[in-house]
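S.K.: Provided below: query_36.pdb, containing PDB, C-alpha atoms.
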MODEL        1
ATOM      1  CA  MET A   1      53.281  20.837   1.191  1.00  0.00           C
ATOM      2  CA  GLN A   2      49.618  21.621   0.426  1.00  0.00           C
ATOM      3  CA  LEU A   3      49.233  18.263  -1.281  1.00  0.00           C
ATOM      4  CA  LEU A   4      50.546  16.509   1.833  1.00  0.00           C
ATOM      5  CA  ARG A   5      48.045  18.361   4.043  1.00  0.00           C
ATOM      6  CA  LEU A   6      45.203  17.417   1.708  1.00  0.00           C
ATOM      7  CA  ALA A   7      46.281  13.756   1.773  1.00  0.00           C
ATOM      8  CA  TRP A   8      46.338  13.749   5.599  1.00  0.00           C
ATOM      9  CA  ALA A   9      42.929  15.449   5.752  1.00  0.00           C
ATOM     10  CA  LEU A  10      41.408  12.876   3.390  1.00  0.00           C
ATOM     11  CA  THR A  11      42.978  10.025   5.343  1.00  0.00           C
ATOM     12  CA  GLY A  12      41.598  11.402   8.598  1.00  0.00           C
ATOM     13  CA  ALA A  13      38.122  11.777   7.082  1.00  0.00           C
ATOM     14  CA  ALA A  14      38.199   8.200   5.753  1.00  0.00           C
ATOM     15  CA  ILE A  15      39.238   6.828   9.160  1.00  0.00           C
ATOM     16  CA  CYS A  16      36.483   8.858  10.848  1.00  0.00           C
ATOM     17  CA  CYS A  17      33.825   7.503   8.432  1.00  0.00           C
ATOM     18  CA  PHE A  18      35.091   3.959   8.979  1.00  0.00           C
ATOM     19  CA  LEU A  19      34.866   4.351  12.761  1.00  0.00           C
ATOM     20  CA  ILE A  20      31.321   5.749  12.536  1.00  0.00           C
ATOM     21  CA  LEU A  21      30.234   2.791  10.364  1.00  0.00           C
ATOM     22  CA  LEU A  22      31.907   0.362  12.754  1.00  0.00           C
ATOM     23  CA  ILE A  23      30.184   1.859  15.807  1.00  0.00           C
ATOM     24  CA  HIS A  24      26.832   1.958  13.972  1.00  0.00           C
ATOM     25  CA  SER A  25      27.108  -1.707  12.990  1.00  0.00           C
ATOM     26  CA  ARG A  26      27.892  -2.675  16.595  1.00  0.00           C
ATOM     27  CA  LEU A  27      24.871  -0.778  17.933  1.00  0.00           C
ATOM     28  CA  LEU A  28      22.456  -2.122  15.303  1.00  0.00           C
ATOM     29  CA  LYS A  29      22.792  -5.868  15.410  1.00  0.00           C
ATOM     30  CA  GLU A  30      21.324  -7.957  12.611  1.00  0.00           C
ATOM     31  CA  GLY A  31      17.539  -8.116  12.867  1.00  0.00           C
ATOM     32  CA  GLN A  32      17.228  -4.871  14.833  1.00  0.00           C
ATOM     33  CA  LEU A  33      15.378  -1.901  13.421  1.00  0.00           C
ATOM     34  CA  ALA A  34      16.549   1.675  13.568  1.00  0.00           C
ATOM     35  CA  ALA A  35      14.522   3.876  15.928  1.00  0.00           C
ATOM     36  CA  GLY A  36      11.394   5.276  14.281  1.00  0.00           C
ATOM     37  CA  THR A  37      11.152   2.622  11.557  1.00  0.00           C
ATOM     38  CA  CYS A  38       8.857  -0.319  10.755  1.00  0.00           C
ATOM     39  CA  GLU A  39       8.903  -3.393   8.555  1.00  0.00           C
ATOM     40  CA  ILE A  40       6.150  -5.745   7.356  1.00  0.00           C
ATOM     41  CA  VAL A  41       6.595  -9.215   8.864  1.00  0.00           C
ATOM     42  CA  THR A  42       3.596 -11.060   7.375  1.00  0.00           C
ATOM     43  CA  LEU A  43       1.005 -10.197   4.735  1.00  0.00           C
ATOM     44  CA  ASP A  44      -2.028 -12.422   4.101  1.00  0.00           C
ATOM     45  CA  ARG A  45      -4.723 -11.855   1.464  1.00  0.00           C
ATOM     46  CA  ASP A  46      -8.067 -13.625   1.215  1.00  0.00           C
ATOM     47  CA  SER A  47      -9.955 -13.115  -2.074  1.00  0.00           C
ATOM     48  CA  SER A  48     -12.383 -16.020  -1.632  1.00  0.00           C
ATOM     49  CA  GLN A  49     -15.422 -13.711  -1.593  1.00  0.00           C
ATOM     50  CA  PRO A  50     -16.464 -11.942  -4.810  1.00  0.00           C
ATOM     51  CA  ARG A  51     -15.688  -8.199  -4.990  1.00  0.00           C
ATOM     52  CA  ARG A  52     -14.012  -8.325  -1.589  1.00  0.00           C
ATOM     53  CA  THR A  53     -10.414  -8.843  -0.509  1.00  0.00           C
ATOM     54  CA  ILE A  54      -9.499  -9.193   3.133  1.00  0.00           C
ATOM     55  CA  ALA A  55      -5.868  -8.333   3.823  1.00  0.00           C
ATOM     56  CA  ARG A  56      -4.098  -8.774   7.145  1.00  0.00           C
ATOM     57  CA  GLN A  57      -0.584  -7.617   7.798  1.00  0.00           C
ATOM     58  CA  THR A  58       1.698  -7.776  10.782  1.00  0.00           C
ATOM     59  CA  ALA A  59       4.391  -5.152  11.198  1.00  0.00           C
ATOM     60  CA  ARG A  60       7.335  -4.860  13.539  1.00  0.00           C
ATOM     61  CA  CYS A  61       8.246  -1.329  14.635  1.00  0.00           C
ATOM     62  CA  ALA A  62      10.945   0.299  16.733  1.00  0.00           C
ATOM     63  CA  CYS A  63       9.201   3.520  17.703  1.00  0.00           C
ATOM     64  CA  LYS A  64      10.664   6.441  19.604  1.00  0.00           C
ATOM     65  CA  LYS A  65       9.310   7.603  22.982  1.00  0.00           C
ATOM     66  CA  GLY A  66       5.775   8.978  22.610  1.00  0.00           C
ATOM     67  CA  GLN A  67       5.162   7.040  19.386  1.00  0.00           C
ATOM     68  CA  ILE A  68       3.314   3.834  18.624  1.00  0.00           C
ATOM     69  CA  ALA A  69       2.952   1.603  15.572  1.00  0.00           C
ATOM     70  CA  GLY A  70       0.386   2.939  13.101  1.00  0.00           C
ATOM     71  CA  THR A  71      -0.160   3.514   9.376  1.00  0.00           C
ATOM     72  CA  THR A  72       0.928   6.368   7.132  1.00  0.00           C
ATOM     73  CA  ARG A  73       0.180   6.394   3.401  1.00  0.00           C
ATOM     74  CA  THR A  74      -0.866   2.714   3.574  1.00  0.00           C
ATOM     75  CA  ARG A  75       2.513   1.670   5.052  1.00  0.00           C
ATOM     76  CA  PRO A  76       3.330   0.781   8.661  1.00  0.00           C
ATOM     77  CA  ALA A  77       4.900   3.715  10.489  1.00  0.00           C
ATOM     78  CA  CYS A  78       5.532   5.127  13.939  1.00  0.00           C
ATOM     79  CA  VAL A  79       2.893   7.733  14.794  1.00  0.00           C
ATOM     80  CA  ASP A  80       2.105   9.941  17.782  1.00  0.00           C
ATOM     81  CA  ALA A  81       0.622   7.801  20.569  1.00  0.00           C
ATOM     82  CA  GLY A  82      -2.108  10.393  21.198  1.00  0.00           C
ATOM     83  CA  ILE A  83      -3.665   9.616  17.813  1.00  0.00           C
ATOM     84  CA  VAL A  84      -4.189   5.990  18.802  1.00  0.00           C
ATOM     85  CA  ARG A  85      -5.282   6.825  22.340  1.00  0.00           C
ATOM     86  CA  LYS A  86      -7.973   9.243  21.019  1.00  0.00           C
ATOM     87  CA  LYS A  87      -8.810   6.938  18.061  1.00  0.00           C
ATOM     88  CA  GLN A  88      -8.471   9.857  15.633  1.00  0.00           C
ATOM     89  CA  TRP A  89      -7.159   7.503  12.956  1.00  0.00           C
ATOM     90  CA  CYS A  90      -7.273   9.962  10.046  1.00  0.00           C
ATOM     91  CA  GLU A  91      -4.667  12.139  11.814  1.00  0.00           C
ATOM     92  CA  MET A  92      -2.130   9.389  10.934  1.00  0.00           C
ATOM     93  CA  VAL A  93      -2.757  10.167   7.234  1.00  0.00           C
ATOM     94  CA  PRO A  94      -3.395   6.466   6.531  1.00  0.00           C
ATOM     95  CA  CYS A  95      -4.744   6.923   2.991  1.00  0.00           C
ATOM     96  CA  LEU A  96      -2.951   7.713  -0.245  1.00  0.00           C
ATOM     97  CA  GLU A  97      -2.758  11.340  -1.437  1.00  0.00           C
ATOM     98  CA  ASP A  98      -5.743  11.151  -3.794  1.00  0.00           C
ATOM     99  CA  GLU A  99      -7.964   9.309  -1.289  1.00  0.00           C
ATOM    100  CA  GLY A 100     -10.290  10.743   1.338  1.00  0.00           C
ATOM    101  CA  CYS A 101     -10.192   9.481   4.931  1.00  0.00           C
ATOM    102  CA  ASP A 102     -13.285   9.053   7.126  1.00  0.00           C
ATOM    103  CA  LEU A 103     -13.596   7.594  10.631  1.00  0.00           C
ATOM    104  CA  LEU A 104     -15.963   4.670  11.103  1.00  0.00           C
ATOM    105  CA  VAL A 105     -18.966   5.611  13.259  1.00  0.00           C
ATOM    106  CA  ASN A 106     -17.764   3.596  16.267  1.00  0.00           C
ATOM    107  CA  LYS A 107     -14.119   4.766  15.785  1.00  0.00           C
ATOM    108  CA  SER A 108     -13.007   1.151  15.312  1.00  0.00           C
ATOM    109  CA  GLY A 109     -11.146   2.108  12.131  1.00  0.00           C
ATOM    110  CA  TRP A 110     -11.282   4.244   8.996  1.00  0.00           C
ATOM    111  CA  THR A 111     -12.182   4.183   5.316  1.00  0.00           C
ATOM    112  CA  CYS A 112     -10.127   5.426   2.387  1.00  0.00           C
ATOM    113  CA  THR A 113     -12.305   6.509  -0.549  1.00  0.00           C
ATOM    114  CA  GLN A 114     -10.708   6.675  -3.996  1.00  0.00           C
ATOM    115  CA  PRO A 115     -11.848   9.244  -6.606  1.00  0.00           C
ATOM    116  CA  GLY A 116     -13.644   6.474  -8.565  1.00  0.00           C
ATOM    117  CA  GLY A 117     -15.762   5.601  -5.508  1.00  0.00           C
ATOM    118  CA  ARG A 118     -13.912   2.452  -4.441  1.00  0.00           C
ATOM    119  CA  VAL A 119     -13.760   2.226  -0.629  1.00  0.00           C
ATOM    120  CA  LYS A 120     -11.087   0.497   1.453  1.00  0.00           C
ATOM    121  CA  THR A 121     -12.067  -0.125   5.075  1.00  0.00           C
ATOM    122  CA  THR A 122      -9.492  -0.723   7.804  1.00  0.00           C
ATOM    123  CA  THR A 123     -10.490  -1.874  11.283  1.00  0.00           C
ATOM    124  CA  VAL A 124      -8.283  -1.919  14.344  1.00  0.00           C
ATOM    125  CA  SER A 125      -8.557  -4.843  16.737  1.00  0.00           C
TER     126      SER A 125
ENDMDL
END
Could I get this structure in the form of structure tokens?
M.R.:
Amino acid sequence: MQLLRLAWALTGAAICCFLILLIHSRLLKEGQLAAGTCEIVTLDRDSSQPRRTIARQTARCACKKGQIAGTTRTRPACVDAGIVRKKQWCEMVPCLEDEGCDLLVNKSGWTCTQPGGRVKTTTVS
């Protein structure tokens, strides 16, 4: 009797999981992003100048209300819209853990300084 109850419970759980996956797949059509996520669409690098690499990337984001596309730990991410509005870029935590973040003087972007002194500058257009 207990074995029969266990079998019915497992069957019910499996059907429930299947229905959740089915509903989820219907809501998220192919090519759509889940809310609060981003993906890199294009990435271009230009190393034609010595000791300088210019990288441009385009990201596609599906941000939640009150968020906007930004950068966290050098990856595209949804961040609080107030950060972008106030141009307080370092509040996004755009640099890696061992790097220091500094705003550019005109607030047009930020720099990430590595422990060895190498500086990566990011500007926002």
S.K.: Can you list, as a list in words, the residues that the PyMOL selection byres ((chain A and resi 94-98) around 9) selects here?
M.R.: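 Written out, the selection comes to Gly70, Thr71, Thr72, Arg73, Thr74, Arg75, Trp89, Cys90, Glu91, Met92, Val93, Glu99, Gly100, Cys101, Trp110, Thr111, Cys112, Thr113, Gln114 and Pro115 of chain A.
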S.K.: Please provide as a list of chain:residue names all residues within 8 Å of region 78-84 of chain A, with the sequence filter that same-chain residues fewer than 3 positions apart are discarded (counting only C-alpha atoms).
M.R.: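 Here the qualifying residues turn out to be A:Gly36, A:Thr37, A:Cys38, A:Cys61, A:Ala62, A:Cys63, A:Lys64, A:Gly66, A:Gln67, A:Ile68, A:Ala69, A:Gly70, A:Thr71, A:Lys87, A:Gln88, A:Trp89, A:Glu91, A:Met92.
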S.K.: Do you know which residues the PyMOL selection byres ((chain A and resi 54) around 12) returns on this file, as a ChimeraX atom specification?
M.R.: /A:43-53,55-57,120-123
S.K.: Any idea what the distance is between CA of Ile40 (chain A) and CA of Ala77 (chain A)?
M.R.: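 We find that CA of Ile40 (chain A) and CA of Ala77 (chain A) lie 10.0 Å from each other.
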S.K.: Any idea what the distance is between CA of Gly116 (chain A) and CA of Ala59 (chain A)?
M.R.: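 Going from CA of Gly116 (chain A) over to CA of Ala59 (chain A) covers 29.2 Å.
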S.K.: Between CA of Val105 (chain A) and CA of Val119 (chain A), measure the distance and give it in Å to one decimal.
M.R.: 15.2 Å
S.K.: Using all atoms of region 103-106 of chain A listed in the file and a margin of 5 Å per side, can you give the axis-aligned box centre and edge lengths in Å to one decimal, as AutoDock Vina command-line options?
M.R.:
--center_x -16.3 --center_y 5.6 --center_z 13.4 --size_x 15.4 --size_y 14.0 --size_z 15.6
S.K.: Just want the 7 Å neighbourhood of Ser108 (chain A), counted on all atoms listed in the file, with same-chain residues fewer than 2 positions away dropped. Output as a list in words.
M.R.: Leu104, Asn106, Thr123 and Val124 of chain A
